[in-house]
Amino acid sequence: MITEGIITKGVGGQYEIKITSDCPDRGERVICGARGIMRNRRMTPAIGDQVVIEPSGDPDVPYVIKTVKERKNILVRPPVANLSTIILTFACVDPVPDLKLLDKMLIITAKLGIKPVIVFTKGDLDRQACEELQKIYSDAGFDVHVSGSDKMICEEELRSSILPGIIGFAGPSGVGKSTALNSVLSGEVMETGEVSKRLKRGKHTTRHVQLFDFGEDHIVDTPGFTSLSLYELGVEYTDVILGYPEIRELASGCRFDDCRHINETMCAVRGNIDSGRYDRYKEFYLELYELRNTYVGRLKK
Ligand SMILES: Nc1nc2c(ncn2[C@@H]2O[C@H](COP(=O)(O)OP(=O)(O)OP(=O)(O)O)[C@@H](O)[C@H]2O)c(=O)[nH]1
Ligand SMILES: [Mg+2]
Ligand SMILES: [Zn+2]
């Protein structure tokens, strides 16, 4: 009989697996090694991976991962496989929201086919700032929620936005990902940490990706991160528009079919969307275009 499961946690080179196949052990969590698969396939299993396991004969590590099933997607930052929905979590203050990071995440998740949901936290600290951000991103076409310690996001509210499957939190340290996860699960399952008073930055309280049951679905907490490179993640300049539904919507009004919305005449986009979002679009596009051409140029020499 084949035993299948989902990786819920990585523990020092070993993995915790929740058994999902129809057997008496369904729902149980077991410890697995990953003997051989990393070497043979040059791949590292990730939290969220569906795996086939078999007994190892070793009582300390009773199972071993035999195969990792084909992934729907893998998000490198944070490292989670098979996400259906990502909850991009940013505080409206403390720490100051890094909208460049948010827009990069929106491009990457669109490219990977993961549904983005945006949550702006700490509305209790600056309601107006949160509402302004909510307006910018909902006008752009995204599903946006505001939460605050006076009204935390709850399971019901989140369920109105997510797709079934694996739902993951992502965002910088100290924005309240673990706090929101605890609220959604109505329990203190993850430790939370203060934001540094002097630097107004999070202290990287969550150190590992961890997957929890969420009814029939699963929900994942991840460590905060501060930066990512679109180029290193394989994003092309032609992909940038994927993260900009509001540009795609207006583009049919541009004079030229191949308008890049950068400096073309009679562009229906430039000047007609949020200026911050537009500036970041242009910056990403030009930077990736430049990097691509430098690289191709170098190859030709
Ligand atoms: N005022 C206020 N504080 C909040 C809110 N949400 C979270 N916090 C606080 O912000 C701090 C950081 O919260 P965490 O949940 O640990 O943040 P995190 O995003 O999980 O951070 P890392 O694990 O470091 O990536 C804690 O002191 C929380 O109590 C909120 O909506 N309002
Ligand atoms: Mg955390
Ligand atoms: Zn245009």
# chains A, B, ... in the order shown; residues from 1 in each chain; ligands from 1
call {"tool": "select_by_dssp", "arguments": {"residues": "range 104-269 of chain A", "states": "strand (DSSP E)", "output": "VMD selection string"}}
result
chain A and resid 115 to 121 143 to 146 166 to 170 210 to 214 217 to 221
call {"tool": "residues_near_ligand", "arguments": {"ligand": "ligand 3", "cutoff": "6 Å", "atoms": "only C-alpha atoms and all ligand atoms", "output": "list in words"}}
result
Ala251, Cys254, Cys259, Arg260, His261, Cys267, Ala268 and Val269 of chain A
call {"tool": "write_last_selection", "arguments": {"atoms": "C-alpha atoms", "output": "short mmCIF file (atom, residue, chain, number, x, y, z; two decimals), in the first residue's frame"}}
result
data_model
loop_
_atom_site.label_atom_id
_atom_site.label_comp_id
_atom_site.auth_asym_id
_atom_site.auth_seq_id
_atom_site.Cartn_x
_atom_site.Cartn_y
_atom_site.Cartn_z
CA ALA A 251 -4.02 49.14 -22.06
CA CYS A 254 -3.40 52.98 -25.75
CA CYS A 259 2.64 50.16 -25.86
CA ARG A 260 4.96 49.53 -22.90
CA HIS A 261 3.38 52.47 -21.05
CA CYS A 267 -0.75 56.02 -23.64
CA ALA A 268 -3.97 55.40 -21.71
CA VAL A 269 -2.13 54.13 -18.63
#
call {"tool": "atom_distance", "arguments": {"atom1": "CA of Glu191 in chain A", "atom2": "atom 5 (C, counted along the ligand's line) of ligand 1"}}
result
13.3 Å
call {"tool": "residues_near_ligand", "arguments": {"ligand": "ligand 2", "cutoff": "6 Å", "atoms": "only C-alpha atoms and all ligand atoms", "output": "list in words"}}
result
Lys177, Ser178, Thr192, Thr205, Thr206 and Pro223 of chain A
call {"tool": "residues_around", "arguments": {"residues": "Ala140 in chain A", "least_positions_apart": "2", "cutoff": "10 Å", "atoms": "only C-alpha atoms", "output": "ChimeraX atom specification"}}
result
/A:134-138,142-143,243-247,249,273-274,277
call {"tool": "residues_near_ligand", "arguments": {"ligand": "ligand 1", "cutoff": "7 Å", "atoms": "only C-alpha atoms and all ligand atoms", "output": "MDAnalysis selection string"}}
result
chainID A and resid 121:125 147:149 152 171:180 191:195 202:207 222:224
call {"tool": "write_last_selection", "arguments": {"atoms": "C-alpha atoms", "output": "mmCIF file, in the first residue's frame"}}
result
data_model
loop_
_atom_site.group_PDB
_atom_site.id
_atom_site.type_symbol
_atom_site.label_atom_id
_atom_site.label_comp_id
_atom_site.auth_asym_id
_atom_site.auth_seq_id
_atom_site.Cartn_x
_atom_site.Cartn_y
_atom_site.Cartn_z
ATOM 1 C CA THR A 121 -2.293 45.231 9.595
ATOM 2 C CA LYS A 122 -2.059 47.606 12.567
ATOM 3 C CA GLY A 123 -5.078 49.633 11.471
ATOM 4 C CA ASP A 124 -5.543 50.506 15.143
ATOM 5 C CA LEU A 125 -2.254 52.477 15.018
ATOM 6 C CA SER A 147 -6.896 44.383 10.343
ATOM 7 C CA GLY A 148 -5.935 45.858 13.682
ATOM 8 C CA SER A 149 -5.713 44.757 17.271
ATOM 9 C CA MET A 152 -8.334 41.240 13.904
ATOM 10 C CA GLY A 171 5.617 39.558 4.358
ATOM 11 C CA PRO A 172 8.306 41.411 6.302
ATOM 12 C CA SER A 173 9.229 40.648 9.910
ATOM 13 C CA GLY A 174 7.100 42.272 12.592
ATOM 14 C CA VAL A 175 4.030 43.013 10.463
ATOM 15 C CA GLY A 176 1.850 40.544 12.356
ATOM 16 C CA LYS A 177 1.744 37.383 10.239
ATOM 17 C CA SER A 178 1.877 35.054 13.241
ATOM 18 C CA THR A 179 -0.573 37.280 15.139
ATOM 19 C CA ALA A 180 -3.013 37.056 12.214
ATOM 20 C CA GLU A 191 4.884 32.674 18.986
ATOM 21 C CA THR A 192 4.776 36.406 18.246
ATOM 22 C CA GLY A 193 7.453 39.016 18.979
ATOM 23 C CA GLU A 194 7.684 42.710 19.705
ATOM 24 C CA VAL A 195 8.807 45.193 17.079
ATOM 25 C CA GLY A 202 10.521 43.100 13.468
ATOM 26 C CA LYS A 203 12.883 40.761 15.303
ATOM 27 C CA HIS A 204 12.464 37.684 13.094
ATOM 28 C CA THR A 205 10.505 35.764 15.688
ATOM 29 C CA THR A 206 9.310 33.072 13.267
ATOM 30 C CA ARG A 207 12.319 31.157 12.026
ATOM 31 C CA THR A 222 6.587 31.833 7.323
ATOM 32 C CA PRO A 223 9.555 33.894 8.524
ATOM 33 C CA GLY A 224 9.608 37.564 7.540
#
call {"tool": "atom_distance", "arguments": {"atom1": "CA of Ile167 in chain A", "atom2": "CA of Glu236 in chain A"}}
result
25.9 Å
call {"tool": "select_by_dssp", "arguments": {"residues": "range 77-198 of chain A", "states": "alpha helix (DSSP H)", "output": "PDB file with C-alpha atoms, in the first residue's frame"}}
result
ATOM      1  CA  LEU A  99       5.329  48.723  -1.231  1.00  0.00           C
ATOM      2  CA  LYS A 100       8.112  47.836  -3.614  1.00  0.00           C
ATOM      3  CA  LEU A 101       8.349  44.451  -1.921  1.00  0.00           C
ATOM      4  CA  LEU A 102       4.550  44.103  -2.057  1.00  0.00           C
ATOM      5  CA  ASP A 103       4.463  44.902  -5.787  1.00  0.00           C
ATOM      6  CA  LYS A 104       7.298  42.446  -6.453  1.00  0.00           C
ATOM      7  CA  MET A 105       5.372  39.745  -4.591  1.00  0.00           C
ATOM      8  CA  LEU A 106       2.274  40.554  -6.670  1.00  0.00           C
ATOM      9  CA  ILE A 107       4.271  40.014  -9.879  1.00  0.00           C
ATOM     10  CA  ILE A 108       5.785  36.735  -8.682  1.00  0.00           C
ATOM     11  CA  THR A 109       2.544  35.266  -7.370  1.00  0.00           C
ATOM     12  CA  ALA A 110       0.737  36.194 -10.598  1.00  0.00           C
ATOM     13  CA  LYS A 111       3.479  34.481 -12.594  1.00  0.00           C
ATOM     14  CA  LEU A 112       3.121  31.353 -10.441  1.00  0.00           C
ATOM     15  CA  ARG A 127      -6.521  53.913  10.504  1.00  0.00           C
ATOM     16  CA  GLN A 128      -6.143  56.551   7.798  1.00  0.00           C
ATOM     17  CA  ALA A 129      -2.857  55.150   6.460  1.00  0.00           C
ATOM     18  CA  CYS A 130      -4.404  51.680   6.289  1.00  0.00           C
ATOM     19  CA  GLU A 131      -7.479  52.921   4.456  1.00  0.00           C
ATOM     20  CA  GLU A 132      -5.387  54.835   1.930  1.00  0.00           C
ATOM     21  CA  LEU A 133      -3.383  51.705   1.185  1.00  0.00           C
ATOM     22  CA  GLN A 134      -6.548  49.652   0.978  1.00  0.00           C
ATOM     23  CA  LYS A 135      -7.955  52.069  -1.609  1.00  0.00           C
ATOM     24  CA  ILE A 136      -4.813  52.039  -3.783  1.00  0.00           C
ATOM     25  CA  TYR A 137      -4.715  48.257  -3.942  1.00  0.00           C
ATOM     26  CA  SER A 138      -8.421  47.594  -4.258  1.00  0.00           C
ATOM     27  CA  ASP A 139      -8.651  50.186  -7.051  1.00  0.00           C
ATOM     28  CA  GLU A 155     -11.446  32.888   9.756  1.00  0.00           C
ATOM     29  CA  GLU A 156     -14.777  33.922   8.252  1.00  0.00           C
ATOM     30  CA  GLU A 157     -13.362  37.112   6.725  1.00  0.00           C
ATOM     31  CA  LEU A 158     -10.347  35.290   5.328  1.00  0.00           C
ATOM     32  CA  ARG A 159     -12.447  32.473   3.884  1.00  0.00           C
ATOM     33  CA  LYS A 177       1.744  37.383  10.239  1.00  0.00           C
ATOM     34  CA  SER A 178       1.877  35.054  13.241  1.00  0.00           C
ATOM     35  CA  THR A 179      -0.573  37.280  15.139  1.00  0.00           C
ATOM     36  CA  ALA A 180      -3.013  37.056  12.214  1.00  0.00           C
ATOM     37  CA  LEU A 181      -2.544  33.284  11.934  1.00  0.00           C
ATOM     38  CA  ASN A 182      -3.319  32.880  15.637  1.00  0.00           C
ATOM     39  CA  SER A 183      -6.453  34.993  15.179  1.00  0.00           C
ATOM     40  CA  VAL A 184      -7.614  33.004  12.152  1.00  0.00           C
TER      41      VAL A 184
END
call {"tool": "residues_around", "arguments": {"residues": "Tyr63 in chain A", "least_positions_apart": "5", "cutoff": "7 Å", "atoms": "only C-alpha atoms", "output": "PyMOL selection string"}}
result
chain A and resi 31-33+53-56
call {"tool": "residues_around", "arguments": {"residues": "Lys200 in chain A", "least_positions_apart": "2", "cutoff": "9 Å", "atoms": "only C-alpha atoms", "output": "number ranges by chain"}}
result
A: 93-96, 174, 195-198, 202
call {"tool": "residues_around", "arguments": {"residues": "Val220 in chain A", "least_positions_apart": "6", "cutoff": "7 Å", "atoms": "only C-alpha atoms", "output": "PyMOL selection string"}}
result
chain A and resi 167-169+209-212
call {"tool": "write_last_selection", "arguments": {"atoms": "C-alpha atoms", "output": "short mmCIF file (atom, residue, chain, number, x, y, z; two decimals), in the first residue's frame"}}
result
data_model
loop_
_atom_site.label_atom_id
_atom_site.label_comp_id
_atom_site.auth_asym_id
_atom_site.auth_seq_id
_atom_site.Cartn_x
_atom_site.Cartn_y
_atom_site.Cartn_z
CA ILE A 167 -2.89 29.22 2.11
CA GLY A 168 0.33 30.96 3.12
CA PHE A 169 1.22 34.14 4.99
CA VAL A 209 7.93 27.63 7.71
CA GLN A 210 5.16 25.67 9.43
CA LEU A 211 1.93 24.24 8.10
CA PHE A 212 -1.29 23.89 10.15
#
call {"tool": "closest_residue", "arguments": {"among": "A:Leu75, A:Ile166, A:Leu286, A:Ile87", "to": "Val144 in chain A", "atoms": "only C-alpha atoms"}}
result
A:Ile87
call {"tool": "closest_residue", "arguments": {"among": "A:Asp257, A:Gly113, A:Ser229, A:Arg35", "to": "Phe284 in chain A", "atoms": "only C-alpha atoms"}}
result
A:Ser229
call {"tool": "atom_distance", "arguments": {"atom1": "CA of Tyr237 in chain A", "atom2": "CA of Val117 in chain A"}}
result
23.4 Å
